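Here's the structure, in structure tokens; my notes come after.
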Amino acid sequence: MCRGRRVVTGYVWAGALAVLAALIGCGGMGREEIPPAFGPGKSMDAGGVVIEIVNEPGKDREEEGSGGVEPDTADGGIGGPDMGRGGTAGTLNREEQGNDGDWKEYDHGATEDAGGRALPDPAQVYPGEILNKEEAEETGVDGFFTCSAISDQVFSRMYGNSYKEDCTVPREDLRYLRILHYDFSGNIRVGELVCSRSVSRDLLYIFRELYEAEYPIEKVVLIDDYGGDDDLSSQDNNTSCFNYRTVAGSGALSLHGLGVAVDINPLYNPYITWNAQGEAVCAPSNGAAYMDRSMDFPYKIDENDLCCRLFTQAGFTWGGNWEGHRDYMHFSRSSKPET
């Protein structure tokens with residue numbers, strides 16, 4: 001019995017000496033060290049068992065400025081933020097560690113001018129929102145004209161709408177553009193388009209020129225906000241580009257389905273054709289008042305219009321010159337009319 005007690009006592013003393021040695025090696029009890037096994041992603045429960053820490057879904061930090069967007073370096077290094085109405089492109093209020101070791105909150109959604117006034121971050125402004133001209137210029141207009149690959153966020157808006165389940169156009173061949181434009185009230189708004197990568201540089205240039213000239217375009221949001229319905233988008237006078245669909249009245253794939261055609265202010269510049277009885281029919285249906293192109297009215301596109309000149313100079317074809325039917329809203333990178 002006594003021998004057994006000595007054995008237990010010996011183990012106790014050995015354990016105590018090991019603990020004391022560990023404390024001395026760590027610089028004493030006044031300093032706390034975290035063993036390597038308990039580093040990032042690990043901890044210890046009450047029983048001394050090492051456990052893995054699993055972040056909640058959606059809690060992982062994004063890399064600053066990435067917005068989940070692949071830079072479009074393939075076409076000449078055009079890159080930029082990406083935004084959809086479903087969320088933001090950057091990371092707001094991300095924690096960063098200061099020089100003193102404390103965790104601080106930084107707002108990446110805004111910068112400041114010389115007077116300490118907050119300026120908008122282009123990546124954080126939703127499509128369709130109004131911008132103050134002074135703030136846009138101080139922030140830098142270039143930052144609002146960007147081209148990027150189709151992010152998961154944008155694609156989630158497109159899929160089942162403009163990007164149908166049977167779409168044969170690879171997602172990688174499309175680009176997401178952010179622009180600025182003047183609406184019919186003279187306000188500066190953020191616009192967005194999806195287009196083919198092959199025309200992305202030209203479209204970015206054209207819309208920048210239209211912005212600088214204060215050319216009025218009422219709305220520029222993705223057609224997905226209208227469920228991919230071209231009629232609803234046109235009736236609302238929304239300017240759009242990519243929509244995987246056929247040409248109205250036929251089974252042929254539209255040039256919009258390839259992302260190489262743009263409709264500008266469609267309500268005031270309708271598509272006009274003639275039926276078997278020789279009667280003129282227009283789309284959108286509420287654009288009938290603008291079928292007579294001999295009349296003068298605001299937002300009318302003709303051969304002398306700045307918009308028409310910029311597109312044709314960049315190698316686009318204007319639908320207003322087609323034979324057999326007229327598509328005054330339409331500009332496409334093709335020498336053949338849609339039939």
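Ordering of the structure tokens sets the chain letters (A, B, ...); residue numbers start at 1 within each chain; ligands are numbered from 1 in the order shown.
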May I have a table of the residues of segment 203-233 of chain A lying at most 9 Å from segment 142-164 of chain A, giving each one's closest pair of atoms and their distance in Å to one decimal, counting only C-alpha atoms, ordered by chain and ascending residue number, as a tab-separated table?
residue	atom	partner	partner_atom	distance
A:Leu204	CA	A:Phe145	CA	6.8
A:Tyr205	CA	A:Phe145	CA	8.9
A:Phe207	CA	A:Phe145	CA	8.6
A:Arg208	CA	A:Phe145	CA	7.3
A:Leu222	CA	A:Met158	CA	8.4
A:Ile223	CA	A:Ser162	CA	6.8
A:Asp224	CA	A:Asn161	CA	5.5
A:Asp225	CA	A:Arg157	CA	8.1
A:Tyr226	CA	A:Asn161	CA	8.3
A:Gly227	CA	A:Asn161	CA	5.2
A:Gly228	CA	A:Asn161	CA	4.4
A:Asp229	CA	A:Asn161	CA	7.8
May I have the selected residues written with N, CA, C and O atoms, as a PDB file, in the first residue's frame?
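File selection_31.pdb, as written:
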ATOM      1  N   LEU A 204     -17.707  50.506 -74.308  1.00  0.00           N
ATOM      2  CA  LEU A 204     -17.248  51.339 -73.201  1.00  0.00           C
ATOM      3  C   LEU A 204     -16.840  52.720 -73.716  1.00  0.00           C
ATOM      4  O   LEU A 204     -17.140  53.746 -73.098  1.00  0.00           O
ATOM      5  N   TYR A 205     -16.164  52.743 -74.851  1.00  0.00           N
ATOM      6  CA  TYR A 205     -15.742  54.008 -75.457  1.00  0.00           C
ATOM      7  C   TYR A 205     -16.958  54.830 -75.889  1.00  0.00           C
ATOM      8  O   TYR A 205     -17.031  56.040 -75.626  1.00  0.00           O
ATOM      9  N   PHE A 207     -20.155  54.744 -74.912  1.00  0.00           N
ATOM     10  CA  PHE A 207     -20.957  55.267 -73.803  1.00  0.00           C
ATOM     11  C   PHE A 207     -20.205  56.347 -73.032  1.00  0.00           C
ATOM     12  O   PHE A 207     -20.829  57.253 -72.465  1.00  0.00           O
ATOM     13  N   ARG A 208     -18.889  56.273 -73.004  1.00  0.00           N
ATOM     14  CA  ARG A 208     -18.115  57.346 -72.371  1.00  0.00           C
ATOM     15  C   ARG A 208     -18.262  58.629 -73.180  1.00  0.00           C
ATOM     16  O   ARG A 208     -18.429  59.721 -72.612  1.00  0.00           O
ATOM     17  N   LEU A 222     -29.799  46.011 -66.518  1.00  0.00           N
ATOM     18  CA  LEU A 222     -29.871  44.710 -67.160  1.00  0.00           C
ATOM     19  C   LEU A 222     -31.314  44.328 -67.460  1.00  0.00           C
ATOM     20  O   LEU A 222     -32.214  44.565 -66.650  1.00  0.00           O
ATOM     21  N   ILE A 223     -31.524  43.704 -68.588  1.00  0.00           N
ATOM     22  CA  ILE A 223     -32.862  43.276 -68.988  1.00  0.00           C
ATOM     23  C   ILE A 223     -33.401  42.212 -68.033  1.00  0.00           C
ATOM     24  O   ILE A 223     -34.602  41.933 -68.006  1.00  0.00           O
ATOM     25  N   ASP A 224     -32.517  41.672 -67.217  1.00  0.00           N
ATOM     26  CA  ASP A 224     -32.928  40.691 -66.207  1.00  0.00           C
ATOM     27  C   ASP A 224     -33.844  41.312 -65.162  1.00  0.00           C
ATOM     28  O   ASP A 224     -34.615  40.596 -64.513  1.00  0.00           O
ATOM     29  N   ASP A 225     -33.766  42.628 -64.989  1.00  0.00           N
ATOM     30  CA  ASP A 225     -34.688  43.306 -64.074  1.00  0.00           C
ATOM     31  C   ASP A 225     -36.113  43.270 -64.607  1.00  0.00           C
ATOM     32  O   ASP A 225     -37.052  43.607 -63.885  1.00  0.00           O
ATOM     33  N   TYR A 226     -36.259  42.885 -65.882  1.00  0.00           N
ATOM     34  CA  TYR A 226     -37.580  42.748 -66.508  1.00  0.00           C
ATOM     35  C   TYR A 226     -37.874  41.275 -66.814  1.00  0.00           C
ATOM     36  O   TYR A 226     -38.692  40.964 -67.673  1.00  0.00           O
ATOM     37  N   GLY A 227     -37.174  40.384 -66.126  1.00  0.00           N
ATOM     38  CA  GLY A 227     -37.374  38.960 -66.340  1.00  0.00           C
ATOM     39  C   GLY A 227     -36.894  38.484 -67.695  1.00  0.00           C
ATOM     40  O   GLY A 227     -37.335  37.435 -68.180  1.00  0.00           O
ATOM     41  N   GLY A 228     -35.994  39.245 -68.327  1.00  0.00           N
ATOM     42  CA  GLY A 228     -35.517  38.884 -69.652  1.00  0.00           C
ATOM     43  C   GLY A 228     -36.546  39.127 -70.736  1.00  0.00           C
ATOM     44  O   GLY A 228     -36.379  38.655 -71.868  1.00  0.00           O
ATOM     45  N   ASP A 229     -37.592  39.888 -70.423  1.00  0.00           N
ATOM     46  CA  ASP A 229     -38.672  40.168 -71.376  1.00  0.00           C
ATOM     47  C   ASP A 229     -38.338  41.428 -72.166  1.00  0.00           C
ATOM     48  O   ASP A 229     -38.370  42.539 -71.628  1.00  0.00           O
TER      49      ASP A 229
END
### Query
Where in segment 137-228 of chain A does DSSP assign helix (DSSP H, G or I), given as number ranges by chain?
A: 137-139, 141-144, 152-158, 171-173, 197-212, 223-226
Can you tell me which residues surround Ser234 of chain A at a distance of at most 12 Å, considering only C-alpha atoms, apart from same-chain residues fewer than 6 positions away, and format the answer as a PDB file with N, CA and C atoms, in the first residue's frame?
ATOM      1  N   GLU A 218     -32.512  57.326 -71.046  1.00  0.00           N
ATOM      2  CA  GLU A 218     -33.369  57.319 -69.862  1.00  0.00           C
ATOM      3  C   GLU A 218     -32.973  56.261 -68.837  1.00  0.00           C
ATOM      4  N   LYS A 219     -32.784  55.012 -69.275  1.00  0.00           N
ATOM      5  CA  LYS A 219     -32.465  53.929 -68.339  1.00  0.00           C
ATOM      6  C   LYS A 219     -31.465  52.984 -68.982  1.00  0.00           C
ATOM      7  N   VAL A 220     -30.537  52.484 -68.161  1.00  0.00           N
ATOM      8  CA  VAL A 220     -29.587  51.467 -68.627  1.00  0.00           C
ATOM      9  C   VAL A 220     -29.375  50.471 -67.484  1.00  0.00           C
ATOM     10  N   VAL A 221     -30.258  49.484 -67.400  1.00  0.00           N
ATOM     11  CA  VAL A 221     -30.106  48.409 -66.414  1.00  0.00           C
ATOM     12  C   VAL A 221     -30.243  47.075 -67.144  1.00  0.00           C
ATOM     13  N   LEU A 222     -29.799  46.011 -66.518  1.00  0.00           N
ATOM     14  CA  LEU A 222     -29.871  44.710 -67.160  1.00  0.00           C
ATOM     15  C   LEU A 222     -31.314  44.328 -67.460  1.00  0.00           C
ATOM     16  N   ILE A 223     -31.524  43.704 -68.588  1.00  0.00           N
ATOM     17  CA  ILE A 223     -32.862  43.276 -68.988  1.00  0.00           C
ATOM     18  C   ILE A 223     -33.401  42.212 -68.033  1.00  0.00           C
ATOM     19  N   TYR A 226     -36.259  42.885 -65.882  1.00  0.00           N
ATOM     20  CA  TYR A 226     -37.580  42.748 -66.508  1.00  0.00           C
ATOM     21  C   TYR A 226     -37.874  41.275 -66.814  1.00  0.00           C
ATOM     22  N   GLY A 228     -35.994  39.245 -68.327  1.00  0.00           N
ATOM     23  CA  GLY A 228     -35.517  38.884 -69.652  1.00  0.00           C
ATOM     24  C   GLY A 228     -36.546  39.127 -70.736  1.00  0.00           C
ATOM     25  N   SER A 240     -30.557  48.272 -73.508  1.00  0.00           N
ATOM     26  CA  SER A 240     -29.987  46.986 -73.112  1.00  0.00           C
ATOM     27  C   SER A 240     -29.209  46.368 -74.258  1.00  0.00           C
ATOM     28  N   CYS A 241     -28.512  45.281 -73.944  1.00  0.00           N
ATOM     29  CA  CYS A 241     -27.678  44.616 -74.946  1.00  0.00           C
ATOM     30  C   CYS A 241     -27.972  43.121 -74.970  1.00  0.00           C
ATOM     31  N   VAL A 262     -27.158  46.432 -79.472  1.00  0.00           N
ATOM     32  CA  VAL A 262     -27.615  47.318 -78.395  1.00  0.00           C
ATOM     33  C   VAL A 262     -28.859  48.059 -78.878  1.00  0.00           C
ATOM     34  N   ASP A 263     -29.855  48.169 -78.013  1.00  0.00           N
ATOM     35  CA  ASP A 263     -31.054  48.973 -78.290  1.00  0.00           C
ATOM     36  C   ASP A 263     -31.000  50.226 -77.423  1.00  0.00           C
ATOM     37  N   ILE A 264     -31.025  51.401 -78.059  1.00  0.00           N
ATOM     38  CA  ILE A 264     -30.901  52.680 -77.363  1.00  0.00           C
ATOM     39  C   ILE A 264     -32.250  53.395 -77.348  1.00  0.00           C
ATOM     40  N   ASN A 265     -32.692  53.807 -76.167  1.00  0.00           N
ATOM     41  CA  ASN A 265     -33.970  54.529 -76.024  1.00  0.00           C
ATOM     42  C   ASN A 265     -35.051  53.925 -76.931  1.00  0.00           C
ATOM     43  N   PRO A 266     -35.394  52.649 -76.729  1.00  0.00           N
ATOM     44  CA  PRO A 266     -36.263  51.925 -77.671  1.00  0.00           C
ATOM     45  C   PRO A 266     -37.679  52.473 -77.813  1.00  0.00           C
ATOM     46  N   LEU A 267     -38.213  53.084 -76.776  1.00  0.00           N
ATOM     47  CA  LEU A 267     -39.579  53.605 -76.875  1.00  0.00           C
ATOM     48  C   LEU A 267     -39.692  54.677 -77.948  1.00  0.00           C
ATOM     49  N   TYR A 268     -38.694  55.530 -78.043  1.00  0.00           N
ATOM     50  CA  TYR A 268     -38.713  56.648 -78.991  1.00  0.00           C
ATOM     51  C   TYR A 268     -38.127  56.266 -80.354  1.00  0.00           C
ATOM     52  N   ASN A 269     -37.604  55.061 -80.441  1.00  0.00           N
ATOM     53  CA  ASN A 269     -36.974  54.606 -81.681  1.00  0.00           C
ATOM     54  C   ASN A 269     -37.398  53.165 -81.957  1.00  0.00           C
ATOM     55  N   PRO A 270     -38.656  52.967 -82.283  1.00  0.00           N
ATOM     56  CA  PRO A 270     -39.221  51.619 -82.333  1.00  0.00           C
ATOM     57  C   PRO A 270     -38.772  50.785 -83.527  1.00  0.00           C
ATOM     58  N   TYR A 271     -39.048  49.494 -83.412  1.00  0.00           N
ATOM     59  CA  TYR A 271     -38.874  48.549 -84.506  1.00  0.00           C
ATOM     60  C   TYR A 271     -40.163  48.561 -85.317  1.00  0.00           C
ATOM     61  N   CYS A 282     -45.456  48.189 -84.913  1.00  0.00           N
ATOM     62  CA  CYS A 282     -44.229  48.599 -84.215  1.00  0.00           C
ATOM     63  C   CYS A 282     -44.074  47.899 -82.877  1.00  0.00           C
ATOM     64  N   ALA A 283     -42.842  47.821 -82.450  1.00  0.00           N
ATOM     65  CA  ALA A 283     -42.498  47.315 -81.119  1.00  0.00           C
ATOM     66  C   ALA A 283     -41.433  48.254 -80.540  1.00  0.00           C
ATOM     67  N   PRO A 284     -41.638  48.689 -79.287  1.00  0.00           N
ATOM     68  CA  PRO A 284     -42.738  48.305 -78.403  1.00  0.00           C
ATOM     69  C   PRO A 284     -44.074  48.905 -78.850  1.00  0.00           C
ATOM     70  N   SER A 285     -45.134  48.297 -78.398  1.00  0.00           N
ATOM     71  CA  SER A 285     -46.462  48.719 -78.841  1.00  0.00           C
ATOM     72  C   SER A 285     -46.797  50.143 -78.425  1.00  0.00           C
ATOM     73  N   ASN A 286     -46.204  50.617 -77.318  1.00  0.00           N
ATOM     74  CA  ASN A 286     -46.494  51.983 -76.861  1.00  0.00           C
ATOM     75  C   ASN A 286     -45.603  53.020 -77.545  1.00  0.00           C
ATOM     76  N   GLY A 287     -44.865  52.589 -78.587  1.00  0.00           N
ATOM     77  CA  GLY A 287     -44.018  53.522 -79.323  1.00  0.00           C
ATOM     78  C   GLY A 287     -44.625  53.975 -80.635  1.00  0.00           C
ATOM     79  N   MET A 329     -33.900  51.720 -82.973  1.00  0.00           N
ATOM     80  CA  MET A 329     -33.209  51.639 -81.681  1.00  0.00           C
ATOM     81  C   MET A 329     -31.913  50.845 -81.763  1.00  0.00           C
ATOM     82  N   HIS A 330     -31.727  50.095 -82.845  1.00  0.00           N
ATOM     83  CA  HIS A 330     -30.801  48.970 -82.909  1.00  0.00           C
ATOM     84  C   HIS A 330     -29.456  49.305 -83.557  1.00  0.00           C
TER      85      HIS A 330
END
### Query
Could you pull the residues within 10 Å of segment 309-318 of chain A, counting only C-alpha atoms, minus those fewer than 6 positions along the same chain, as an MDAnalysis selection string?
chainID A and resid 199 202:203 205:207 209:210 260:262 301:303 326:337
Output N, CA, C and O atoms for every residue in that selection, as a short mmCIF file (atom, residue, chain, number, x, y, z; two decimals), in the first residue's frame.
data_model
loop_
_atom_site.label_atom_id
_atom_site.label_comp_id
_atom_site.auth_asym_id
_atom_site.auth_seq_id
_atom_site.Cartn_x
_atom_site.Cartn_y
_atom_site.Cartn_z
N VAL A 199 -17.13 43.14 -78.35
CA VAL A 199 -17.53 44.54 -78.55
C VAL A 199 -17.40 45.37 -77.28
O VAL A 199 -17.77 46.54 -77.26
N ASP A 202 -15.36 48.72 -77.48
CA ASP A 202 -16.05 49.74 -78.28
C ASP A 202 -17.24 50.33 -77.54
O ASP A 202 -17.47 51.54 -77.57
N LEU A 203 -18.00 49.47 -76.88
CA LEU A 203 -19.18 49.98 -76.16
C LEU A 203 -18.77 50.88 -75.00
O LEU A 203 -19.40 51.91 -74.75
N TYR A 205 -16.16 52.74 -74.85
CA TYR A 205 -15.74 54.01 -75.46
C TYR A 205 -16.96 54.83 -75.89
O TYR A 205 -17.03 56.04 -75.63
N ILE A 206 -17.92 54.20 -76.57
CA ILE A 206 -19.09 54.91 -77.08
C ILE A 206 -19.90 55.51 -75.95
O ILE A 206 -20.28 56.70 -76.00
N PHE A 207 -20.15 54.74 -74.91
CA PHE A 207 -20.96 55.27 -73.80
C PHE A 207 -20.21 56.35 -73.03
O PHE A 207 -20.83 57.25 -72.47
N GLU A 209 -18.20 58.53 -74.50
CA GLU A 209 -18.38 59.70 -75.36
C GLU A 209 -19.78 60.28 -75.21
O GLU A 209 -19.96 61.51 -75.18
N LEU A 210 -20.78 59.43 -75.13
CA LEU A 210 -22.15 59.90 -74.95
C LEU A 210 -22.31 60.61 -73.60
O LEU A 210 -23.00 61.63 -73.49
N VAL A 260 -23.96 41.22 -79.29
CA VAL A 260 -23.29 42.18 -80.18
C VAL A 260 -24.26 43.24 -80.69
O VAL A 260 -23.94 43.97 -81.64
N ALA A 261 -25.44 43.35 -80.08
CA ALA A 261 -26.43 44.35 -80.49
C ALA A 261 -26.91 45.12 -79.27
O ALA A 261 -27.06 44.57 -78.18
N VAL A 262 -27.16 46.43 -79.47
CA VAL A 262 -27.62 47.32 -78.40
C VAL A 262 -28.86 48.06 -78.88
O VAL A 262 -28.90 48.53 -80.02
N ILE A 301 -33.48 59.07 -82.89
CA ILE A 301 -32.20 58.72 -83.49
C ILE A 301 -32.34 58.74 -85.01
O ILE A 301 -33.23 58.11 -85.57
N ASP A 302 -31.47 59.52 -85.66
CA ASP A 302 -31.39 59.50 -87.12
C ASP A 302 -29.91 59.48 -87.50
O ASP A 302 -29.03 59.38 -86.64
N GLU A 303 -29.62 59.58 -88.80
CA GLU A 303 -28.24 59.45 -89.25
C GLU A 303 -27.33 60.57 -88.74
O GLU A 303 -26.11 60.38 -88.66
N ARG A 326 -37.57 48.50 -90.33
CA ARG A 326 -36.69 49.49 -89.70
C ARG A 326 -36.60 49.19 -88.20
O ARG A 326 -37.60 48.91 -87.55
N ASP A 327 -35.38 49.27 -87.70
CA ASP A 327 -35.17 49.07 -86.26
C ASP A 327 -34.33 50.24 -85.77
O ASP A 327 -33.11 50.16 -85.65
N TYR A 328 -35.01 51.34 -85.48
CA TYR A 328 -34.33 52.60 -85.20
C TYR A 328 -33.55 52.60 -83.88
O TYR A 328 -32.63 53.40 -83.71
N MET A 329 -33.90 51.72 -82.97
CA MET A 329 -33.21 51.64 -81.68
C MET A 329 -31.91 50.84 -81.76
O MET A 329 -31.09 50.91 -80.87
N HIS A 330 -31.73 50.09 -82.85
CA HIS A 330 -30.80 48.97 -82.91
C HIS A 330 -29.46 49.30 -83.56
O HIS A 330 -29.40 49.87 -84.65
N PHE A 331 -28.37 48.90 -82.87
CA PHE A 331 -27.02 48.98 -83.42
C PHE A 331 -26.36 47.62 -83.17
O PHE A 331 -26.38 47.12 -82.05
N SER A 332 -25.78 47.05 -84.23
CA SER A 332 -25.17 45.72 -84.06
C SER A 332 -23.88 45.60 -84.85
O SER A 332 -23.67 46.27 -85.86
N ARG A 333 -23.01 44.73 -84.40
CA ARG A 333 -21.75 44.45 -85.07
C ARG A 333 -22.00 43.35 -86.09
O ARG A 333 -21.61 42.21 -85.95
N SER A 334 -22.71 43.71 -87.14
CA SER A 334 -23.02 42.79 -88.22
C SER A 334 -23.46 43.61 -89.42
O SER A 334 -24.15 44.61 -89.29
N SER A 335 -23.09 43.17 -90.61
CA SER A 335 -23.48 43.89 -91.82
C SER A 335 -24.84 43.43 -92.33
O SER A 335 -25.40 44.04 -93.21
N LYS A 336 -25.36 42.33 -91.73
CA LYS A 336 -26.63 41.81 -92.18
C LYS A 336 -27.74 42.19 -91.19
O LYS A 336 -27.55 42.12 -89.99
N PRO A 337 -28.92 42.56 -91.71
CA PRO A 337 -30.04 42.88 -90.82
C PRO A 337 -30.61 41.62 -90.19
O PRO A 337 -30.44 40.51 -90.71
#
### Query
Near segment 168-172 of chain A, within 7 Å and counting only C-alpha atoms, which residues show up once chain neighbours fewer than 2 positions away are dropped, as a ChimeraX atom specification?
/A:150,166,174,258
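For Ile130 of chain A, the list of residues within 8 Å, based on only C-alpha atoms and with local chain neighbours fewer than 2 positions off taken out, reads Gly128, Asn132, Asn187, Ile188, Arg189 and Val190 of chain A.
Nearest residue to Leu255 of chain A, choosing from A:Thr273, A:Ile217, A:Cys195, A:Val281 and counting only C-alpha atoms: A:Cys195.
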